[in-house]
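One structure is given below, encoded as C-alpha coordinates.
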Amino acid sequence: LAAHGHPDAAVVSLGVDAAAEDPNSQLLVTEAGFRVAGAAIGGLGVPTVFVQEGGYVTERLGGHVVAVIEGFAAQ
(Lines give C-alpha, C1' and ligand atoms only; values in the text may rest on other atoms or scores of the structure.)
Protein backbone atom coordinates (compact mmCIF):
# COMPACT_ATOMS: atom_id res chain seq x y z
CA LEU A 1 0.00 0.00 0.00
CA ALA A 2 2.80 2.45 0.85
CA ALA A 3 4.35 1.90 -2.58
CA HIS A 4 1.22 3.33 -4.19
CA GLY A 5 1.29 6.47 -2.05
CA HIS A 6 4.89 7.43 -2.96
CA PRO A 7 6.14 8.07 0.58
CA ASP A 8 9.20 10.24 1.17
CA ALA A 9 10.29 8.12 4.15
CA ALA A 10 9.10 5.24 6.31
CA VAL A 11 9.01 4.58 10.04
CA VAL A 12 8.57 0.89 10.79
CA SER A 13 7.31 -0.34 14.14
CA LEU A 14 9.30 -3.56 14.03
CA GLY A 15 7.57 -6.12 16.17
CA VAL A 16 8.81 -9.66 15.63
CA ASP A 17 6.20 -11.10 17.97
CA ALA A 18 4.54 -12.71 14.94
CA ALA A 19 7.29 -15.35 15.09
CA ALA A 20 6.39 -19.00 14.76
CA GLU A 21 8.19 -19.68 18.05
CA ASP A 22 6.15 -17.13 19.98
CA PRO A 23 3.46 -18.98 21.95
CA ASN A 24 1.17 -15.94 21.69
CA SER A 25 1.42 -15.70 17.90
CA GLN A 26 -1.06 -17.21 15.51
CA LEU A 27 0.83 -15.88 12.49
CA LEU A 28 3.74 -18.35 12.50
CA VAL A 29 6.23 -16.11 10.68
CA THR A 30 9.62 -17.76 10.13
CA GLU A 31 13.02 -16.12 9.91
CA ALA A 32 12.74 -16.40 6.12
CA GLY A 33 9.39 -14.64 6.32
CA PHE A 34 10.89 -11.77 8.30
CA ARG A 35 13.61 -11.50 5.64
CA VAL A 36 10.95 -11.25 2.90
CA ALA A 37 9.16 -8.55 4.90
CA GLY A 38 12.41 -6.60 5.19
CA ALA A 39 12.96 -6.90 1.45
CA ALA A 40 9.46 -5.58 0.78
CA ILE A 41 10.15 -2.56 2.97
CA GLY A 42 13.54 -2.04 1.34
CA GLY A 43 11.87 -2.20 -2.04
CA LEU A 44 10.13 1.08 -1.26
CA GLY A 45 13.48 2.78 -1.82
CA VAL A 46 12.96 5.49 0.76
CA PRO A 47 14.88 6.47 3.91
CA THR A 48 13.65 4.15 6.65
CA VAL A 49 13.82 4.06 10.44
CA PHE A 50 13.13 0.79 12.28
CA VAL A 51 11.89 1.03 15.87
CA GLN A 52 12.13 -2.41 17.46
CA GLU A 53 9.21 -2.89 19.82
CA GLY A 54 8.05 -6.47 20.07
CA GLY A 55 9.20 -10.03 20.29
CA TYR A 56 9.05 -12.15 23.37
CA VAL A 57 11.11 -15.26 22.64
CA THR A 58 14.45 -13.72 23.55
CA GLU A 59 16.48 -16.63 22.17
CA ARG A 60 15.14 -15.90 18.67
CA LEU A 61 14.49 -12.16 18.82
CA GLY A 62 17.90 -11.10 17.52
CA GLY A 63 17.82 -13.51 14.60
CA HIS A 64 14.43 -12.27 13.48
CA VAL A 65 15.44 -8.62 13.69
CA VAL A 66 18.66 -9.36 11.78
CA ALA A 67 16.64 -11.18 9.12
CA VAL A 68 14.46 -8.09 8.57
CA ILE A 69 17.52 -5.85 8.27
CA GLU A 70 19.26 -8.30 5.92
CA GLY A 71 16.20 -8.40 3.67
CA PHE A 72 15.98 -4.61 3.75
CA ALA A 73 19.69 -4.17 2.95
CA ALA A 74 19.53 -6.59 0.03
CA GLN A 75 17.29 -4.23 -1.92
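Going by the C-alpha coordinates order, chains are called A, B, ..., each with residues numbered from 1, while ligands are numbered from 1 in the order shown.
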
Which residues are near stretch 53-57 of chain A? Cut-off 10 Å, only C-alpha atoms, ignore same chain within fewer than 2 positions. Put them as number ranges by chain. A: 12-25, 50-51, 59-62, 64-65

Neighbours of A:Gly45 within 12 Å (only C-alpha atoms; same-chain residues fewer than 4 positions away dropped), as a PDB file with N, CA, C and O atoms, in the first residue's frame?
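part_28.pdb was written with the following content:
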```
ATOM      1  N   ALA A   2       1.933   1.264   0.778  1.00  0.00           N
ATOM      2  CA  ALA A   2       2.798   2.449   0.846  1.00  0.00           C
ATOM      3  C   ALA A   2       3.425   2.737  -0.509  1.00  0.00           C
ATOM      4  O   ALA A   2       3.623   3.889  -0.866  1.00  0.00           O
ATOM      5  N   ALA A   3       3.726   1.708  -1.286  1.00  0.00           N
ATOM      6  CA  ALA A   3       4.354   1.905  -2.582  1.00  0.00           C
ATOM      7  C   ALA A   3       3.449   2.694  -3.521  1.00  0.00           C
ATOM      8  O   ALA A   3       3.922   3.393  -4.401  1.00  0.00           O
ATOM      9  N   HIS A   6       3.638   6.726  -2.732  1.00  0.00           N
ATOM     10  CA  HIS A   6       4.892   7.431  -2.965  1.00  0.00           C
ATOM     11  C   HIS A   6       5.392   8.160  -1.719  1.00  0.00           C
ATOM     12  O   HIS A   6       5.533   9.379  -1.718  1.00  0.00           O
ATOM     13  N   PRO A   7       5.666   7.415  -0.653  1.00  0.00           N
ATOM     14  CA  PRO A   7       6.141   8.066   0.575  1.00  0.00           C
ATOM     15  C   PRO A   7       7.545   8.641   0.393  1.00  0.00           C
ATOM     16  O   PRO A   7       8.326   8.172  -0.440  1.00  0.00           O
ATOM     17  N   ASP A   8       7.862   9.659   1.164  1.00  0.00           N
ATOM     18  CA  ASP A   8       9.204  10.240   1.168  1.00  0.00           C
ATOM     19  C   ASP A   8      10.122   9.511   2.141  1.00  0.00           C
ATOM     20  O   ASP A   8      11.343   9.574   2.012  1.00  0.00           O
ATOM     21  N   ALA A   9       9.540   8.848   3.131  1.00  0.00           N
ATOM     22  CA  ALA A   9      10.291   8.122   4.155  1.00  0.00           C
ATOM     23  C   ALA A   9       9.350   7.133   4.819  1.00  0.00           C
ATOM     24  O   ALA A   9       8.138   7.200   4.628  1.00  0.00           O
ATOM     25  N   ALA A  10       9.920   6.223   5.598  1.00  0.00           N
ATOM     26  CA  ALA A  10       9.102   5.243   6.312  1.00  0.00           C
ATOM     27  C   ALA A  10       9.619   5.090   7.740  1.00  0.00           C
ATOM     28  O   ALA A  10      10.830   5.126   7.984  1.00  0.00           O
ATOM     29  N   GLY A  38      11.384  -7.624   5.270  1.00  0.00           N
ATOM     30  CA  GLY A  38      12.409  -6.597   5.194  1.00  0.00           C
ATOM     31  C   GLY A  38      12.699  -6.197   3.755  1.00  0.00           C
ATOM     32  O   GLY A  38      12.870  -5.014   3.452  1.00  0.00           O
ATOM     33  N   ALA A  39      12.729  -7.182   2.861  1.00  0.00           N
ATOM     34  CA  ALA A  39      12.957  -6.900   1.447  1.00  0.00           C
ATOM     35  C   ALA A  39      11.815  -6.065   0.862  1.00  0.00           C
ATOM     36  O   ALA A  39      12.055  -5.152   0.064  1.00  0.00           O
ATOM     37  N   ALA A  40      10.606  -6.356   1.269  1.00  0.00           N
ATOM     38  CA  ALA A  40       9.457  -5.577   0.780  1.00  0.00           C
ATOM     39  C   ALA A  40       9.559  -4.122   1.231  1.00  0.00           C
ATOM     40  O   ALA A  40       9.296  -3.197   0.458  1.00  0.00           O
ATOM     41  N   ILE A  41       9.983  -3.922   2.461  1.00  0.00           N
ATOM     42  CA  ILE A  41      10.150  -2.561   2.969  1.00  0.00           C
ATOM     43  C   ILE A  41      11.305  -1.879   2.238  1.00  0.00           C
ATOM     44  O   ILE A  41      11.197  -0.720   1.817  1.00  0.00           O
ATOM     45  N   PHE A  72      16.036  -6.036   4.096  1.00  0.00           N
ATOM     46  CA  PHE A  72      15.976  -4.607   3.749  1.00  0.00           C
ATOM     47  C   PHE A  72      17.239  -4.196   2.995  1.00  0.00           C
ATOM     48  O   PHE A  72      17.179  -3.547   1.948  1.00  0.00           O
ATOM     49  N   ALA A  73      18.400  -4.580   3.527  1.00  0.00           N
ATOM     50  CA  ALA A  73      19.686  -4.174   2.954  1.00  0.00           C
ATOM     51  C   ALA A  73      19.946  -4.799   1.583  1.00  0.00           C
ATOM     52  O   ALA A  73      20.711  -4.252   0.786  1.00  0.00           O
ATOM     53  N   ALA A  74      19.313  -5.911   1.293  1.00  0.00           N
ATOM     54  CA  ALA A  74      19.525  -6.592   0.029  1.00  0.00           C
ATOM     55  C   ALA A  74      18.840  -5.895  -1.150  1.00  0.00           C
ATOM     56  O   ALA A  74      19.085  -6.234  -2.297  1.00  0.00           O
ATOM     57  N   GLN A  75      18.023  -4.921  -0.854  1.00  0.00           N
ATOM     58  CA  GLN A  75      17.292  -4.228  -1.921  1.00  0.00           C
ATOM     59  C   GLN A  75      18.054  -3.083  -2.497  1.00  0.00           C
ATOM     60  O   GLN A  75      18.833  -2.453  -1.951  1.00  0.00           O
TER      61      GLN A  75
END
```

Next on the checklist: Among chain A, which ones does DSSP assign to alpha helix (DSSP H) (computed from the backbone)? Answer as an NGL selection string.
Outcome noted: :A and (2-5 or 31-42 or 58-73)

File of the preceding selection, N, CA, C and O atoms, as a tab-separated table (two decimals), in the first residue's frame:
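Listed below is the output, part-v9.tsv:
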```
chain	number	residue	atom	x	y	z
A	2	ALA	N	1.93	1.26	0.78
A	2	ALA	CA	2.80	2.45	0.85
A	2	ALA	C	3.43	2.74	-0.51
A	2	ALA	O	3.62	3.89	-0.87
A	3	ALA	N	3.73	1.71	-1.29
A	3	ALA	CA	4.35	1.90	-2.58
A	3	ALA	C	3.45	2.69	-3.52
A	3	ALA	O	3.92	3.39	-4.40
A	4	HIS	N	2.16	2.61	-3.34
A	4	HIS	CA	1.22	3.33	-4.19
A	4	HIS	C	1.07	4.79	-3.78
A	4	HIS	O	0.64	5.61	-4.57
A	5	GLY	N	1.43	5.11	-2.55
A	5	GLY	CA	1.29	6.47	-2.05
A	5	GLY	C	2.53	7.31	-2.25
A	5	GLY	O	2.53	8.49	-1.96
A	31	GLU	N	11.92	-17.05	10.17
A	31	GLU	CA	13.02	-16.12	9.91
A	31	GLU	C	13.05	-15.73	8.43
A	31	GLU	O	13.27	-14.57	8.09
A	32	ALA	N	12.80	-16.69	7.57
A	32	ALA	CA	12.74	-16.40	6.12
A	32	ALA	C	11.61	-15.41	5.82
A	32	ALA	O	11.76	-14.53	4.98
A	33	GLY	N	10.50	-15.56	6.50
A	33	GLY	CA	9.39	-14.64	6.32
A	33	GLY	C	9.72	-13.23	6.75
A	33	GLY	O	9.34	-12.25	6.09
A	34	PHE	N	10.45	-13.10	7.86
A	34	PHE	CA	10.89	-11.77	8.30
A	34	PHE	C	11.84	-11.16	7.28
A	34	PHE	O	11.81	-9.96	7.01
A	35	ARG	N	12.69	-11.99	6.67
A	35	ARG	CA	13.61	-11.50	5.64
A	35	ARG	C	12.83	-10.98	4.43
A	35	ARG	O	13.15	-9.92	3.88
A	36	VAL	N	11.80	-11.69	4.02
A	36	VAL	CA	10.95	-11.25	2.90
A	36	VAL	C	10.26	-9.92	3.24
A	36	VAL	O	10.18	-9.02	2.40
A	37	ALA	N	9.80	-9.80	4.48
A	37	ALA	CA	9.16	-8.55	4.90
A	37	ALA	C	10.16	-7.39	4.83
A	37	ALA	O	9.82	-6.30	4.36
A	38	GLY	N	11.38	-7.62	5.27
A	38	GLY	CA	12.41	-6.60	5.19
A	38	GLY	C	12.70	-6.20	3.76
A	38	GLY	O	12.87	-5.01	3.45
A	39	ALA	N	12.73	-7.18	2.86
A	39	ALA	CA	12.96	-6.90	1.45
A	39	ALA	C	11.81	-6.07	0.86
A	39	ALA	O	12.05	-5.15	0.06
A	40	ALA	N	10.61	-6.36	1.27
A	40	ALA	CA	9.46	-5.58	0.78
A	40	ALA	C	9.56	-4.12	1.23
A	40	ALA	O	9.30	-3.20	0.46
A	41	ILE	N	9.98	-3.92	2.46
A	41	ILE	CA	10.15	-2.56	2.97
A	41	ILE	C	11.30	-1.88	2.24
A	41	ILE	O	11.20	-0.72	1.82
A	42	GLY	N	12.40	-2.59	2.07
A	42	GLY	CA	13.54	-2.04	1.34
A	42	GLY	C	13.21	-1.69	-0.09
A	42	GLY	O	13.76	-0.76	-0.66
A	58	THR	N	13.16	-14.43	23.59
A	58	THR	CA	14.45	-13.72	23.55
A	58	THR	C	15.54	-14.51	22.83
A	58	THR	O	16.44	-13.91	22.24
A	59	GLU	N	15.46	-15.82	22.84
A	59	GLU	CA	16.48	-16.63	22.17
A	59	GLU	C	16.44	-16.44	20.66
A	59	GLU	O	17.42	-16.69	19.98
A	60	ARG	N	15.31	-16.04	20.11
A	60	ARG	CA	15.14	-15.90	18.67
A	60	ARG	C	14.98	-14.46	18.22
A	60	ARG	O	15.05	-14.16	17.04
A	61	LEU	N	14.77	-13.56	19.14
A	61	LEU	CA	14.49	-12.16	18.82
A	61	LEU	C	15.56	-11.55	17.92
A	61	LEU	O	15.25	-10.97	16.88
A	62	GLY	N	16.81	-11.68	18.29
A	62	GLY	CA	17.90	-11.10	17.52
A	62	GLY	C	17.96	-11.62	16.10
A	62	GLY	O	18.15	-10.86	15.15
A	63	GLY	N	17.78	-12.91	15.94
A	63	GLY	CA	17.82	-13.51	14.60
A	63	GLY	C	16.71	-13.00	13.71
A	63	GLY	O	16.92	-12.77	12.51
A	64	HIS	N	15.55	-12.79	14.28
A	64	HIS	CA	14.43	-12.27	13.48
A	64	HIS	C	14.65	-10.82	13.09
A	64	HIS	O	14.38	-10.43	11.94
A	65	VAL	N	15.15	-10.02	14.00
A	65	VAL	CA	15.44	-8.62	13.69
A	65	VAL	C	16.53	-8.55	12.63
A	65	VAL	O	16.42	-7.79	11.66
A	66	VAL	N	17.58	-9.34	12.78
A	66	VAL	CA	18.66	-9.36	11.78
A	66	VAL	C	18.11	-9.77	10.42
A	66	VAL	O	18.49	-9.20	9.39
A	67	ALA	N	17.22	-10.73	10.38
A	67	ALA	CA	16.64	-11.18	9.12
A	67	ALA	C	15.90	-10.04	8.41
A	67	ALA	O	16.01	-9.87	7.20
A	68	VAL	N	15.16	-9.24	9.17
A	68	VAL	CA	14.46	-8.09	8.57
A	68	VAL	C	15.48	-7.13	7.98
A	68	VAL	O	15.33	-6.67	6.83
A	69	ILE	N	16.51	-6.81	8.73
A	69	ILE	CA	17.52	-5.85	8.27
A	69	ILE	C	18.28	-6.41	7.06
A	69	ILE	O	18.58	-5.68	6.11
A	70	GLU	N	18.58	-7.70	7.07
A	70	GLU	CA	19.26	-8.30	5.92
A	70	GLU	C	18.38	-8.21	4.67
A	70	GLU	O	18.88	-7.87	3.58
A	71	GLY	N	17.10	-8.51	4.81
A	71	GLY	CA	16.20	-8.40	3.67
A	71	GLY	C	16.12	-6.97	3.17
A	71	GLY	O	16.14	-6.71	1.96
A	72	PHE	N	16.04	-6.04	4.10
A	72	PHE	CA	15.98	-4.61	3.75
A	72	PHE	C	17.24	-4.20	2.99
A	72	PHE	O	17.18	-3.55	1.95
A	73	ALA	N	18.40	-4.58	3.53
A	73	ALA	CA	19.69	-4.17	2.95
A	73	ALA	C	19.95	-4.80	1.58
A	73	ALA	O	20.71	-4.25	0.79
```

Which of chain A DSSP labels strand (DSSP E), written as a count of residues only
13
